[in-house]
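Trainee: Sharing a structure here in structure tokens format.
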Amino acid sequence: MMTRTAEIKLTVELDSENLPSSILWHATDAEADEPMPCQSMMLSLWDSEKKTTAAIDLWIKDMTVDDMNMYFYQVFHKMADTYLRATQNEAVASSIHEFGNGFGDSLGLISAPEPREAN
């Protein structure tokens, strides 16, 4: 059995006050040959031995609140999809989607929560 290594590289440019002014990412398996910019990232790392999550949450200093709201709305739905793929628990995944829709509705990001089918 042959194994291989893939790498994900994050580069964070900081201003004089150590606030992120630029975030670039690149993965060895990505379609793009060059690092791609992003405005926000959340990296969660699970330690099964300690049963704890370490997290790195960064966003560039000029990211707008509107963009942050939309980012979180989409992350909630992405988390639900990932949870479903990992656990096959459709009821809980649907609950997470419902929460995401309530979040989006409360911020005016969506006009009315749409029921989502579990994939």
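Identifiers in this document derive from the order of the structure tokens: chains are assigned A, B, ..., residues are numbered from 1 separately in each chain, and ligands are numbered from 1 in order of occurrence.
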For the structure I just gave you, how does DSSP split chain A - specifically, which residues are alpha helix (DSSP H)? Reply as an NGL selection string.
Mentor: :A and (65-87 or 90-106)
Trainee: I need the strand (DSSP E or B) residues of range 44-77 of chain A per DSSP on the backbone, written as number ranges by chain.
Mentor: A: 44-47, 52-59
Trainee: Using only N, CA and C atoms, please write the residues we just selected to a file, as a compact mmCIF listing (two decimals), in the first residue's frame.
Mentor:
# COMPACT_ATOMS: atom_id res chain seq x y z
N SER A 44 -10.15 23.95 13.26
CA SER A 44 -10.39 23.23 14.50
C SER A 44 -9.65 21.90 14.44
N LEU A 45 -8.94 21.60 15.51
CA LEU A 45 -8.13 20.39 15.57
C LEU A 45 -8.56 19.57 16.78
N TRP A 46 -8.98 18.32 16.54
CA TRP A 46 -9.48 17.47 17.61
C TRP A 46 -8.37 16.59 18.17
N ASP A 47 -8.24 16.60 19.48
CA ASP A 47 -7.30 15.73 20.18
C ASP A 47 -8.14 14.66 20.87
N THR A 52 -10.36 17.27 23.54
CA THR A 52 -10.45 18.72 23.45
C THR A 52 -10.23 19.19 22.01
N THR A 53 -10.71 20.37 21.74
CA THR A 53 -10.53 21.00 20.43
C THR A 53 -9.63 22.21 20.58
N ALA A 54 -8.60 22.26 19.76
CA ALA A 54 -7.78 23.47 19.65
C ALA A 54 -8.29 24.20 18.42
N ALA A 55 -8.29 25.51 18.47
CA ALA A 55 -8.84 26.27 17.35
C ALA A 55 -8.00 27.49 17.03
N ILE A 56 -7.94 27.80 15.76
CA ILE A 56 -7.33 29.03 15.27
C ILE A 56 -8.40 29.73 14.45
N ASP A 57 -8.83 30.88 14.92
CA ASP A 57 -9.85 31.67 14.24
C ASP A 57 -9.24 33.01 13.87
N LEU A 58 -9.16 33.29 12.59
CA LEU A 58 -8.57 34.55 12.13
C LEU A 58 -9.45 35.18 11.07
N TRP A 59 -9.45 36.50 11.03
CA TRP A 59 -10.09 37.24 9.96
C TRP A 59 -9.29 38.51 9.74
Trainee: With a distance cut-off of 9 Å and only C-alpha atoms, select the neighbouring residues of range 30-38 of chain A, excluding the residue or stretch itself and same-chain residues fewer than 4 positions from it, and output the selection as number ranges by chain.
Mentor: A: 9-11, 22-26, 59-60
Trainee: Skip range 63-80 of chain A itself and residues of its chain fewer than 5 positions away, then list as a PyMOL selection string all residues within 7 Å of it, counting only C-alpha atoms.
Mentor: chain A and resi 39+93+96-97+100+103-104
Trainee: Keeping only C-alpha atoms, write the selected residues as an mmCIF file, in the first residue's frame.
Mentor:
data_model
loop_
_atom_site.group_PDB
_atom_site.id
_atom_site.type_symbol
_atom_site.label_atom_id
_atom_site.label_comp_id
_atom_site.auth_asym_id
_atom_site.auth_seq_id
_atom_site.Cartn_x
_atom_site.Cartn_y
_atom_site.Cartn_z
ATOM 1 C CA GLN A 39 -10.666 36.957 4.460
ATOM 2 C CA ALA A 93 -27.793 17.510 10.857
ATOM 3 C CA ILE A 96 -28.008 22.279 12.738
ATOM 4 C CA HIS A 97 -29.407 23.417 9.362
ATOM 5 C CA GLY A 100 -28.342 28.117 10.536
ATOM 6 C CA PHE A 103 -29.393 32.656 12.352
ATOM 7 C CA GLY A 104 -29.652 33.821 8.727
#
Trainee: With a distance cut-off of 7 Å and only C-alpha atoms, select the neighbouring residues of Ser21 in chain A, excluding the residue or stretch itself and same-chain residues fewer than 2 positions from it, and output the selection as a list of chain:residue names.
Mentor: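 Using only C-alpha atoms, the neighbours found are A:Glu13, A:Leu14, A:Asp15, A:Leu19, A:Ile60, A:Lys61.
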Trainee: Deliver the residues from the most recent selection as a file, using N, CA and C atoms, as a PDB file, in the first residue's frame.
Mentor:
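Output saved as part17.pdb:
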ATOM      1  N   GLU A  13      -0.340  37.549   7.004  1.00  0.00           N
ATOM      2  CA  GLU A  13       0.426  38.794   7.053  1.00  0.00           C
ATOM      3  C   GLU A  13      -0.178  39.661   8.154  1.00  0.00           C
ATOM      4  N   LEU A  14       0.667  40.182   9.041  1.00  0.00           N
ATOM      5  CA  LEU A  14       0.218  40.988  10.177  1.00  0.00           C
ATOM      6  C   LEU A  14       0.648  42.435  10.012  1.00  0.00           C
ATOM      7  N   ASP A  15      -0.204  43.347  10.488  1.00  0.00           N
ATOM      8  CA  ASP A  15       0.170  44.755  10.459  1.00  0.00           C
ATOM      9  C   ASP A  15       1.024  45.078  11.684  1.00  0.00           C
ATOM     10  N   LEU A  19      -2.402  42.612  13.811  1.00  0.00           N
ATOM     11  CA  LEU A  19      -3.719  42.234  13.301  1.00  0.00           C
ATOM     12  C   LEU A  19      -3.555  41.671  11.897  1.00  0.00           C
ATOM     13  N   ILE A  60      -9.294  38.988   8.499  1.00  0.00           N
ATOM     14  CA  ILE A  60      -8.521  40.195   8.215  1.00  0.00           C
ATOM     15  C   ILE A  60      -9.215  41.401   8.833  1.00  0.00           C
ATOM     16  N   LYS A  61      -8.415  42.400   9.141  1.00  0.00           N
ATOM     17  CA  LYS A  61      -8.917  43.540   9.912  1.00  0.00           C
ATOM     18  C   LYS A  61      -9.979  44.351   9.193  1.00  0.00           C
TER      19      LYS A  61
END
Trainee: Can you work out the spacing between CA of Gly108 in chain A and CA of Asp81 in chain A in Å, to one decimal?
Mentor: 22.4 Å
Trainee: How many Å separate CA of Leu43 in chain A from CA of Leu107 in chain A?
Mentor: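 That distance, rounded to one decimal, is 24.4 Å.
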Trainee: Just checking: using only C-alpha atoms, which residue out of A:Thr82, A:Asn18, A:Val12, A:Met2 ends up closest to Ser40 in chain A?
Mentor: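 Smallest separation from Ser40 in chain A among the options: A:Val12.
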Trainee: Using only C-alpha atoms, can you tell me which of A:Lys50, A:Thr3, A:Pro20, A:Ser111 comes closest to Asp62 in chain A?
Mentor: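 Using only C-alpha atoms, Asp62 in chain A sits closest to A:Pro20.
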Trainee: Could you give me, as a list in words, the residues within 12 Å of Thr5 in chain A, counting only C-alpha atoms and dropping anything in the same chain fewer than 2 positions from it?
Mentor: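 The residues that qualify are Met2, Thr3, Glu7, Ile8, Ala27, Thr28 and Asp29 of chain A.
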